[in-house]
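Visitor: Please see the structure below; I have some questions.
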Amino acid sequence: MGNKPMYRQIADAFREKINAGELKPGDALPTESSLQEAFNVSRVTVRQALKLLADEQIIESIQGSGSYVKEERVNYDIYQLTGFYEKLADRNVDTHSDVTIFEVVKADAKLAAKLALSPDDKVWHVKRVRFIKQKPVNLEETWMPLTMFPDLTWEVMENSKYHYIEQIKKMVIDRSEQELVPIMPSQEAIATLGLDPAKPILEKISRGFLKDGRVFEYSRNVFNTDDYKFTLVARRRQ
């Protein structure tokens with residue numbers, strides 16, 4: 001190794017592990033304190049090594065969560081109506097959702113209009129954080145009519161909503177109408193997704209329609225834009 005500074009030696013060691021496939025995209029690196037012990041160096045040296053790897057886009061550090069081997073961004077094709085799980089299934093990526101709110105509320109006038117209901121009709125209100133491996137990438141808030149889904153469960157929302165609607169309820173989904181809006185992240189999004197409070201993010205607002213014309217959901221999703229890229233394909237009429 002010669003006279004290479006210690007932080008570079010540590011960075012090299014991780015680069016080799018990643019190249020050899022011992023550490024895979026999305027895997028967590030050991031904690032700073034365990035790295036200090038393993039290499040017998042100061043915290044400053046460990047942080048220099050991690051900063052070097054982060055600058056090279058090999059790892060990413062998430063405030064309060066740790067450092068991870070960087071993944072390719074999830075490509076979110078606006079025109080493909082697929083669930084979070086379906087998007088990632090072909091990549092064999094470990095995904096899960098943490099449901100943080102699961103309740104029935106009365107729709108106010110605004111929400112009733114979005115779901116084509118009467119004000120005071122009851123709706124499910126669900127909030128969940130979507131994870132790729134251990135990393136939170138998406139914060140979703142969804143409202144669904146109670147009468148349409150009287151048997152909705154917490155477990156369903158921890159997994160795939162579309163699977164439940166199509167396979168269990170045998171409903172035919174027609175389309176989702178979506179808009180993307182740049183917003184400043186909320187305190188909740190900053191805390192949950194480890195976002196930079198000064199950097200705008202994208203919010204996707206969508207309404208889902210069944211073949212019979214009924215609105216089955218109204219959702220608001222915020223994304224860590226470092227993890228997602230949005231693609232739109234415009235076709236010229238023939």
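Please note that chains go A, B, ... in the order of the structure tokens, that every chain numbers its residues from 1, and that ligands are numbered from 1 in the order shown.
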For region 131-141 of chain A, find every residue with an atom within 7 Å (counting only C-alpha atoms), except residues of its own chain fewer than 2 positions away, and show them as a ChimeraX atom specification.

Guide: /A:26,93-97,126-129,189,193,219-224,227

Visitor: If we count only C-alpha atoms and set the cut-off at 7 Å, which residues sit around Pro145 (chain A), ignoring sequence neighbours fewer than 4 positions away in its own chain? Please answer as a PyMOL selection string.

Guide: chain A and resi 122-124+149+216

Visitor: Just the selected residues (C-alpha atoms), exported as an mmCIF file, in the first residue's frame, please.

Guide:
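Final output, again39.cif:
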data_model
loop_
_atom_site.group_PDB
_atom_site.id
_atom_site.type_symbol
_atom_site.label_atom_id
_atom_site.label_comp_id
_atom_site.auth_asym_id
_atom_site.auth_seq_id
_atom_site.Cartn_x
_atom_site.Cartn_y
_atom_site.Cartn_z
ATOM 1 C CA LYS A 122 -65.936 7.646 4.886
ATOM 2 C CA VAL A 123 -62.552 7.005 3.335
ATOM 3 C CA TRP A 124 -59.448 5.079 4.262
ATOM 4 C CA PHE A 149 -62.797 -1.520 0.143
ATOM 5 C CA PHE A 216 -60.617 4.125 -6.457
#

Visitor: Report as a list in words all protein, DNA and RNA residues lying within 10 Å of region 1-14 of chain A, evaluated on only C-alpha atoms, omitting residues in the same chain fewer than 2 positions from it.

Guide: Glu16, Lys17, Ile18, Asn19, Ala20, Glu22, Leu23, Leu29, Leu35, Phe39, Asn40, Val41, Ser42, Val44, Thr45, Val46, Arg47, Gln48, Ala49, Leu50, Lys51, Leu52, Leu53, Ala54, Ile58, Ile59 and Val69 of chain A

Visitor: Please report the interatomic distance between CA of Trp154 (chain A) and CA of Asp98 (chain A) in Å with one decimal.

Guide: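 Between CA of Trp154 (chain A) and CA of Asp98 (chain A) the gap is 9.8 Å.
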
Visitor: Would you please give, as a ChimeraX atom specification, all residues of region 7-236 of chain A that DSSP assigns to helix (DSSP H, G or I) based on the backbone?

Guide: /A:7-19,32-39,43-55,84-89,109-115,154-158,161-168,187-193

Visitor: Considering only C-alpha atoms, return as a PyMOL selection string whatever protein or nucleic-acid residues lie within 10 Å of Asp121 (chain A), sequence-local ones (same chain, fewer than 2 positions apart) excluded.

Guide: chain A and resi 105-109+111-112+117-119+123+145-147

Visitor: Just give me the gap between CA of Lys114 (chain A) and CA of Pro150 (chain A) in Å, one decimal is fine.

Guide: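 Distance between the two atoms: 19.3 Å.
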
Visitor: Give me, please, the distance in Å between CA of Gly194 (chain A) and CA of Glu103 (chain A), quoted to one decimal.

Guide: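 Computing the Euclidean distance for CA of Gly194 (chain A) and CA of Glu103 (chain A) yields 25.7 Å.
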
Visitor: Please provide as an NGL selection string all residues within 9 Å of Val181 (chain A), with the sequence filter that same-chain residues fewer than 6 positions apart are discarded (counting only C-alpha atoms).

Guide: :A and (201-205)

Visitor: With a distance cut-off of 12 Å and only C-alpha atoms, select the neighbouring residues of Ala198 (chain A), excluding the residue or stretch itself and same-chain residues fewer than 5 positions from it, and output the selection as a ChimeraX atom specification.

Guide: /A:183-187,190
